[in-house]
Structure formats: structure tokens, C-alpha cells
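Chemist: Here it is, the structure, as C-alpha cells.
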Amino acid sequence: MKKTAILAIESSCDDTSAAVIIDGILCSNVIASQKVHEEFGGVVPELASRAHQQNILPVIDTALRRSGITAQDLSAIAFTRGPGLLGSLLVGTSFAKGLALALRIPLVDVNHLQGHVLAHFVEPSEELKAATPSLLPFVGKQLPHPSYPFLCLLVSGGNSQIVLVKAYNDMQILGQTIDDAAGEAFDKCAKVLGLPYPGGPWIDKLAKLGDATKYPFAKPNIPGYDYSFSGLKTSFLYTLRDMLREHNLETIDQLAEVVPNLREDMCASLQTTVVDILMRKLRKAAKDLNINQVAVAGGVSANSALRQAFLDYGKRYHAEAFIPPFSFTTDNAAMICQAGYFKYLDKDFCAIDEVPFAKTTI
Ligand code: KG4
């Protein structure tokens with residue numbers, strides 16, 4: 001019997017990625033990250049689209065080659081339709097359409113946010129596990145997969161949401177940020193400290209060397225399951241402003257010379273506050289809904305303190321806590337492929353004239 005082989009293309013922001021799933025098993029996941037944005041301190045949309053144009057063919061070619069199949073063996077093409085940067089999405093969408101038309105196979109559109117959640121169902125091949133550092137602990141065993149219903153904390157550069165996942169195609173947002181996302185707060189605060197872009201991983205790194213109790217930042221008081229991070233950002237900024245005034249200095253570099261461990265302590269205090277804000281609402285939702293399976297997804301799920309908080313939560317509340325391997329935290333096509341595979345099995349295809357969307361919810 002012919003195998004079911006799905007190729008997925010992810011190009012929503014600044015990572016060009018392609019992955020192949022054959023009969024439910026992830027055989028390849030190739031990611032080309034764009035370094036061009038580093039000097040600008042953030043993603044430049046125009047440059048991102050151009051870099052996708054350069055990367056897309058070699059990335060897809062490598063993903064197919066590593067999976068051991070050719071384009072002719074494919075059953076469908078899945079692609080990220082949104083949300084994301086429109087110019088970036090257009091590159092992946094147009095390529096997916098062209099390839100699906102040429103091969104006369106179905107096209108499957110995937111919501112990027114649902115993809116992040118469904119990263120928890122990816123099952124890589126043994127070869128891929130052995131070749132990927134973050135998957136090595138799973139060689140010879142299955143990755144843990146949640147069962148429905150579960151709660152997913154979806155935290156990325158653009159989103160902070162608590163999602164009730166009832167099925168692969170039935171997700172309900174219980175709460176979300178009313179202003180900045182957690183990743184955005186990390187990135188903006190890192191920028192103020194003069195750290196490179198993206199700042200999240202730098203905050204994580206420096207926080208390990210700092211005192212998390214040194215600077216008590218403001219925590220929001222928002223009803224329900226919604227989040228807010230703009231007050232924390234302001235609190236962070238004002239703490240630095242006040243210290244600069246106190247020492248009669250102008251720059252963070254000057255301040256770092258007179259305040260020992262400034263950046264490390266600021267990072268540790270910020271990180272612990274963000275994690276606390278995120279976990280409080282998740283705990284509340286899990287308690288109110290009596291759900292004992294919680295998962296974390298999105299780029300910020302790479303954060304070591306958040307991952308530890310999930311492990312602690314699992315132990316303390318006798319809950320099952322699902323943390324994705326590092327390779328499936330930031331943008332990747334494996335998660336899009338998994339979502340596409342589920343949709344393909346349900347024959348949930350996309351018309352050739354569908355267009356990408358920059359903004360959408362789950
Ligand atoms: O999901 P993602 O790759 O991109 C989208 O927003 O779609 O998330 C990127 C975000 C950035 O804000 C980045 O700073 C953050 O994830 N991030 C981290 C860490 N690694 C990535 N934040 C905190 N700690 C990390 N280790």
C-alpha cells in the first residue's frame with residue numbers, strides 16, 4: 001500500500017523550515033534561521049521575505065532527501081497559512097501551491113498557533129532522534145504525548161495564551177494577553193539592557209547567574225485567565241531609570257560598572273516574575289476546569305525556568321506536565337507537518353485560491 005507522506009513548509013516569521021512525515025512518523029525537520037536581523041535588533045519583514053526566497057528551495061530539497069523520498073512520493077503539501085508576517089507567509093504559501101499543483105496532490109493549510117500546540121504529538125523516527133541532540137534522550141522510546149482534553153500554555157514572541165485543547169481541531173482560548181506577549185516582554189527588556197536580539201535566550205542565560213529576588217517587579221492584577229505584561233515592562237524600565245538617576249549616569253553600560261551583577265540580577269528577577277505570572281493563571285485554569293494534563297508550547301517554552309516550573313507543577317499537583325523537546329519549541333515545520341497529517345487523514349484540504357492571513361486566533 002502507498003505510504004502517506006506529507007511535506008510541510010513553515011515560513012511565518014524569520015525561520016524557513018520544511019519537514020516530512022511518513023505514515024505518522026517525522027523523518028526530517030530542516031530549519032534555516034535568518035541571521036540577517038540580528039544587527040537590526042528585531043525582524044525586518046522585507047529582509048525576512050527575501051531570505052525565505054533564498055532558503056526555501058534548499059531547505060525543502062534537504063528535508064526530502066533526508067526523509068529518503070522524492071517529491072513524486074508525496075501525498076499532500078501542508079503549509080503555514082498564518083498568523084505571521086504576510087510577506088514571509090506568501091513565500092511558503094506560493095511555493096506550497098505551486099508544488100501541490102505540479103504534483104496534482106492536495107494542499108493542507110495549517111494555523112501556526114495550532115501547530116505549536118500539536119508539536120506535542122510529533123513522533124520522530126529513530127534515525128532523526130539519534131541525529132538531533134534534543135531528541136537523544138528519546139532514542140528507543142516514544143515521546144510523551146498528552147491525551148485530550150489538556151491545557152496548553154502557548155507562549156511565543158507574539159502570543160501568551162491558555163488554550164483548552166479538546167481535539168486536534170477543537171481548541172478554545174481561555175485567556176490571552178491583553179497587551180504584550182511574554183516573549184515580547186523578554187525581548188524588549190533585553191533590548192533595554194543592551195543584549196542582542198532575540199533577547200529571550202540571553203535573559204535565560206544571564207538569569208542563571210543572577211539573584212531572582214533582587215528587583216521585585218510589579219505583577220498585574222487582571223481578572224480571569226488573561227495576561228498582561230506591559231506593566232512589568234514599565235516596572236523594569238523605571239527600575240533602571242531610577243538607578244541611572246540615583247547614580248547620575250546616562251547609559252546601562254556605565255550603570256553596570258557601578259552596580260555589581262546588574263544585568264544578571266535584572267534578568268533573573270524579570271524571568272522569575274514572568275514565569276510566576278504565567279504559572280499562576282495556568283494553575284487557576286487547571287484547578288477550575290479540573291484538568292490534570294498541562295503542556296507548554298511556543299518559543300518561550302525553551303526558557304529553562306519555565307520548563308522547571310512545569311516539572312515542579314507536575315510533581316506538586318500530581319499532574320502530567322508536557323514540555324516539548326527544544327527542537328520543537330521555536331518555529332519549525334515538524335509541528336506544521338503533524339497538524340497537516342491530522343488534517344490530511346480527515347481529508348480537510350485547502351482550496352488553491354486560499355490566501356495567507358497575518359492575524360488570527362486559534
Ligand atoms: O514561537 P517563536 O519561535 O516565534 C514566534 O513568536 O512565532 O518565539 C520566539 C520568542 C522570542 O520572543 C524569543 O525571545 C523567545 O521566544 N525565546 C525565549 C527563549 N528562547 C526563545 N524566551 C525566553 N527564554 C528562552 N530560552
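Chains: A, B, ... in order of the C-alpha cells. Residues: from 1 per chain. Ligands: from 1, in order shown.
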Write out as a ChimeraX atom specification all residues of range 89-264 of chain A that DSSP puts in helix (DSSP H, G or I) for this structure's backbone.
Modeler: /A:89-103,112-121,126-131,133-138,182-192,199-207,230-246,252-258,262-264
Chemist: Counting only C-alpha atoms and all ligand atoms, which protein, DNA or RNA residues come within 7 Å of ligand 1, given as a VMD selection string?
Modeler: chain A and resid 13 155 to 159 183 to 184 186 to 187 198 to 201 203 to 204 298 to 304 329 to 331
Chemist: Output the selection as a short mmCIF file (atom, residue, chain, number, x, y, z; two decimals), in the first residue's frame - C-alpha atoms for each residue.
Modeler:
data_model
loop_
_atom_site.label_atom_id
_atom_site.label_comp_id
_atom_site.auth_asym_id
_atom_site.auth_seq_id
_atom_site.Cartn_x
_atom_site.Cartn_y
_atom_site.Cartn_z
CA CYS A 13 8.43 34.77 10.55
CA VAL A 155 3.91 31.39 24.81
CA SER A 156 5.81 32.95 21.93
CA GLY A 157 7.05 36.29 20.68
CA GLY A 158 3.54 37.27 19.67
CA ASN A 159 1.23 35.22 21.90
CA GLY A 183 8.36 36.69 24.59
CA GLU A 184 7.90 40.31 23.56
CA PHE A 186 11.63 39.34 27.34
CA ASP A 187 12.87 40.73 24.03
CA PRO A 198 16.29 37.84 20.23
CA GLY A 199 16.70 38.67 23.89
CA GLY A 200 14.75 35.76 25.42
CA PRO A 201 17.60 33.23 25.28
CA ILE A 203 17.72 36.63 29.60
CA ASP A 204 17.59 32.88 30.29
CA GLY A 298 5.92 28.18 21.61
CA GLY A 299 9.33 29.80 21.56
CA VAL A 300 9.30 30.85 25.22
CA SER A 301 8.80 27.20 26.23
CA ALA A 302 12.57 26.92 25.65
CA ASN A 303 13.03 29.01 28.80
CA SER A 304 14.74 26.92 31.48
CA THR A 329 9.86 24.91 20.76
CA THR A 330 10.80 27.66 18.31
CA ASP A 331 9.27 27.85 14.84
#
Chemist: Between A:Asp276, A:Leu101, A:Pro220, A:Leu193, which is the closest to Asp253 in chain A once you count only C-alpha atoms?
Modeler: A:Leu193
Chemist: Quick one: residues within 8 Å of Ile173 in chain A, only C-alpha atoms, excluding same-chain residues fewer than 3 positions away - as a ChimeraX atom specification?
Modeler: /A:161-164,176,362
Chemist: Those residues you just picked out, can you put them in a file as an mmCIF file, in the first residue's frame with N, CA and C atoms?
Modeler:
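Done, and the output landed in again-v1.cif:
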data_model
loop_
_atom_site.group_PDB
_atom_site.id
_atom_site.type_symbol
_atom_site.label_atom_id
_atom_site.label_comp_id
_atom_site.auth_asym_id
_atom_site.auth_seq_id
_atom_site.Cartn_x
_atom_site.Cartn_y
_atom_site.Cartn_z
ATOM 1 N N GLN A 161 -1.111 32.627 25.668
ATOM 2 C CA GLN A 161 -2.496 32.160 25.761
ATOM 3 C C GLN A 161 -2.577 30.888 26.593
ATOM 4 N N ILE A 162 -3.733 30.722 27.227
ATOM 5 C CA ILE A 162 -4.044 29.420 27.822
ATOM 6 C C ILE A 162 -5.115 28.805 26.924
ATOM 7 N N VAL A 163 -4.798 27.653 26.367
ATOM 8 C CA VAL A 163 -5.690 27.021 25.392
ATOM 9 C C VAL A 163 -6.216 25.709 25.958
ATOM 10 N N LEU A 164 -7.526 25.537 25.855
ATOM 11 C CA LEU A 164 -8.128 24.254 26.215
ATOM 12 C C LEU A 164 -8.165 23.437 24.931
ATOM 13 N N GLN A 176 -5.818 35.167 27.296
ATOM 14 C CA GLN A 176 -4.684 35.601 26.474
ATOM 15 C C GLN A 176 -4.212 36.974 26.916
ATOM 16 N N ILE A 362 -6.487 30.986 17.407
ATOM 17 C CA ILE A 362 -6.512 29.534 17.265
ATOM 18 C C ILE A 362 -7.845 29.119 16.690
#
Chemist: Can you pull out every residue from range 95-336 of chain A that DSSP, working from the backbone, puts in strand (DSSP E or B), and format the result as an MDAnalysis selection string?
Modeler: chainID A and resid 107:111 124 150:155 160:167 170:177 227 293:297 320:322
Chemist: For each of A:Tyr197, A:Phe40, A:Tyr148, A:Phe138, take the minimum atom-to-atom distance to Pro325 in chain A, counting only C-alpha atoms, then give the residue where this is smallest.
Modeler: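 Among the listed residues, the smallest separation from Pro325 in chain A belongs to A:Phe138.
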Chemist: Kindly assemble as a Markdown table a list of the range 4-123 of chain A residues that lie within 12 Å of range 309-324 of chain A, each paired with its nearest atom pair and their distance in Å to one decimal, using only C-alpha atoms, sorted first by chain and then by ascending residue number.
Modeler:
| residue | atom | partner | partner_atom | distance |
| --- | --- | --- | --- | --- |
| A:His116 | CA | A:Pro324 | CA | 9.7 |
| A:Val117 | CA | A:Pro324 | CA | 9.6 |
| A:Leu118 | CA | A:Pro324 | CA | 10.1 |
| A:Ala119 | CA | A:Pro324 | CA | 7.2 |
| A:His120 | CA | A:Pro324 | CA | 6.3 |
| A:Phe121 | CA | A:Pro324 | CA | 9.5 |
| A:Val122 | CA | A:Pro324 | CA | 9.5 |
| A:Glu123 | CA | A:Pro324 | CA | 11.4 |
Chemist: Could you pull the residues within 10 Å of Gly24 in chain A, counting only C-alpha atoms, minus those fewer than 6 positions along the same chain, as a count of residues only?
Modeler: 13
Chemist: Do you know which residues are at most 9 Å from Asp265 in chain A counting only C-alpha atoms, after dropping those on the same chain fewer than 2 positions away, and could you put them as a list in words?
Modeler: Leu206, Ala207, Leu209, Gly210, Asp211, Ala212, Thr213, Lys214, Tyr215, Pro260, Asn261, Leu262, Arg263, Cys267, Ala268, Ser269 and Leu270 of chain A
Chemist: Would you save the residues from that selection as a PDB file, in the first residue's frame, using N, CA and C atoms?
Modeler:
ATOM      1  N   LEU A 206      21.661  34.730  31.291  1.00  0.00           N
ATOM      2  CA  LEU A 206      22.174  35.613  32.353  1.00  0.00           C
ATOM      3  C   LEU A 206      21.448  35.384  33.677  1.00  0.00           C
ATOM      4  N   ALA A 207      20.155  35.002  33.587  1.00  0.00           N
ATOM      5  CA  ALA A 207      19.359  34.790  34.812  1.00  0.00           C
ATOM      6  C   ALA A 207      19.976  33.695  35.689  1.00  0.00           C
ATOM      7  N   LEU A 209      22.891  33.352  36.440  1.00  0.00           N
ATOM      8  CA  LEU A 209      23.983  33.906  37.248  1.00  0.00           C
ATOM      9  C   LEU A 209      23.485  35.001  38.199  1.00  0.00           C
ATOM     10  N   GLY A 210      22.165  35.224  38.213  1.00  0.00           N
ATOM     11  CA  GLY A 210      21.650  36.360  38.982  1.00  0.00           C
ATOM     12  C   GLY A 210      20.797  35.969  40.180  1.00  0.00           C
ATOM     13  N   ASP A 211      20.450  37.016  40.959  1.00  0.00           N
ATOM     14  CA  ASP A 211      19.608  36.852  42.140  1.00  0.00           C
ATOM     15  C   ASP A 211      18.171  37.243  41.760  1.00  0.00           C
ATOM     16  N   ALA A 212      17.277  36.257  41.778  1.00  0.00           N
ATOM     17  CA  ALA A 212      15.901  36.491  41.309  1.00  0.00           C
ATOM     18  C   ALA A 212      15.079  37.322  42.281  1.00  0.00           C
ATOM     19  N   THR A 213      15.613  37.554  43.485  1.00  0.00           N
ATOM     20  CA  THR A 213      14.829  38.321  44.467  1.00  0.00           C
ATOM     21  C   THR A 213      15.296  39.785  44.548  1.00  0.00           C
ATOM     22  N   LYS A 214      16.326  40.107  43.772  1.00  0.00           N
ATOM     23  CA  LYS A 214      16.950  41.424  43.903  1.00  0.00           C
ATOM     24  C   LYS A 214      16.012  42.583  43.547  1.00  0.00           C
ATOM     25  N   TYR A 215      15.284  42.420  42.432  1.00  0.00           N
ATOM     26  CA  TYR A 215      14.407  43.522  42.000  1.00  0.00           C
ATOM     27  C   TYR A 215      12.960  43.026  41.939  1.00  0.00           C
ATOM     28  N   PRO A 260      27.152  46.055  40.821  1.00  0.00           N
ATOM     29  CA  PRO A 260      27.640  44.711  40.527  1.00  0.00           C
ATOM     30  C   PRO A 260      26.492  43.775  40.119  1.00  0.00           C
ATOM     31  N   ASN A 261      26.756  42.941  39.131  1.00  0.00           N
ATOM     32  CA  ASN A 261      25.795  41.924  38.688  1.00  0.00           C
ATOM     33  C   ASN A 261      24.467  42.514  38.196  1.00  0.00           C
ATOM     34  N   LEU A 262      24.504  43.755  37.716  1.00  0.00           N
ATOM     35  CA  LEU A 262      23.254  44.437  37.321  1.00  0.00           C
ATOM     36  C   LEU A 262      22.431  43.621  36.326  1.00  0.00           C
ATOM     37  N   ARG A 263      23.056  43.292  35.184  1.00  0.00           N
ATOM     38  CA  ARG A 263      22.283  42.609  34.132  1.00  0.00           C
ATOM     39  C   ARG A 263      21.799  41.240  34.601  1.00  0.00           C
ATOM     40  N   CYS A 267      17.889  40.266  34.919  1.00  0.00           N
ATOM     41  CA  CYS A 267      17.370  39.150  34.110  1.00  0.00           C
ATOM     42  C   CYS A 267      16.705  38.100  34.995  1.00  0.00           C
ATOM     43  N   ALA A 268      17.369  37.756  36.097  1.00  0.00           N
ATOM     44  CA  ALA A 268      16.815  36.720  36.990  1.00  0.00           C
ATOM     45  C   ALA A 268      15.490  37.193  37.591  1.00  0.00           C
ATOM     46  N   SER A 269      15.436  38.469  37.996  1.00  0.00           N
ATOM     47  CA  SER A 269      14.212  38.990  38.610  1.00  0.00           C
ATOM     48  C   SER A 269      13.078  39.062  37.585  1.00  0.00           C
ATOM     49  N   LEU A 270      13.427  39.475  36.369  1.00  0.00           N
ATOM     50  CA  LEU A 270      12.410  39.550  35.309  1.00  0.00           C
ATOM     51  C   LEU A 270      11.877  38.155  34.993  1.00  0.00           C
TER      52      LEU A 270
END
Chemist: Within 8 Å of Lys359 in chain A, counting only C-alpha atoms, which residues show up once you throw out same-chain ones fewer than 4 positions away? Write them as JSON, numbers by chain, please.
Modeler: {"A": [82, 83, 84]}
Chemist: Which value, in Å to one decimal, gives the distance between CA of Asn55 in chain A and CA of Ile105 in chain A?
Modeler: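 Between these atoms lies a distance of 23.2 Å.
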Chemist: Skipping near chain neighbours, those fewer than 6 positions away, what residues fall within 12 Å of Val59 in chain A using only C-alpha atoms, listed as a list in words?
Modeler: Leu7, Ala8, Ile9, Glu10, Ser11, Asp15, Thr16, Ser17, Ala18, Ala19, Val20, Ser28, Asn29, Val30, Ile31, Ala32, Ser33, Ala51, His52, Gln53, Arg65, Arg66, Gly92, Asn332 and Ala333 of chain A
Chemist: So, counting only C-alpha atoms, which residue among A:Pro356, A:Gly115, A:Pro144, A:Gly41 is closest to Leu85 in chain A?
Modeler: A:Pro356
Chemist: Counting only C-alpha atoms, which of A:Arg245, A:Lys284, A:Lys343, A:Lys129 gets nearest to Pro106 in chain A?
Modeler: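 Of all the options, A:Lys343 lies closest to Pro106 in chain A.
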Chemist: Nearest residue to Lys2 in chain A out of A:Leu64, A:Thr93, A:Gln72, A:Glu39, using only C-alpha atoms?
Modeler: A:Gln72
Chemist: Between CA of Thr132 in chain A and CA of Ala48 in chain A, what is the distance in Å, rounded to a tenth?
Modeler: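 Interatomic distance here is 25.8 Å.
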Chemist: Nearest to Val294 in chain A: which of A:Gly68, A:Gly42, A:Gly87, A:Pro146 is it, counting only C-alpha atoms?
Modeler: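 Among the listed residues, the smallest separation from Val294 in chain A belongs to A:Pro146.
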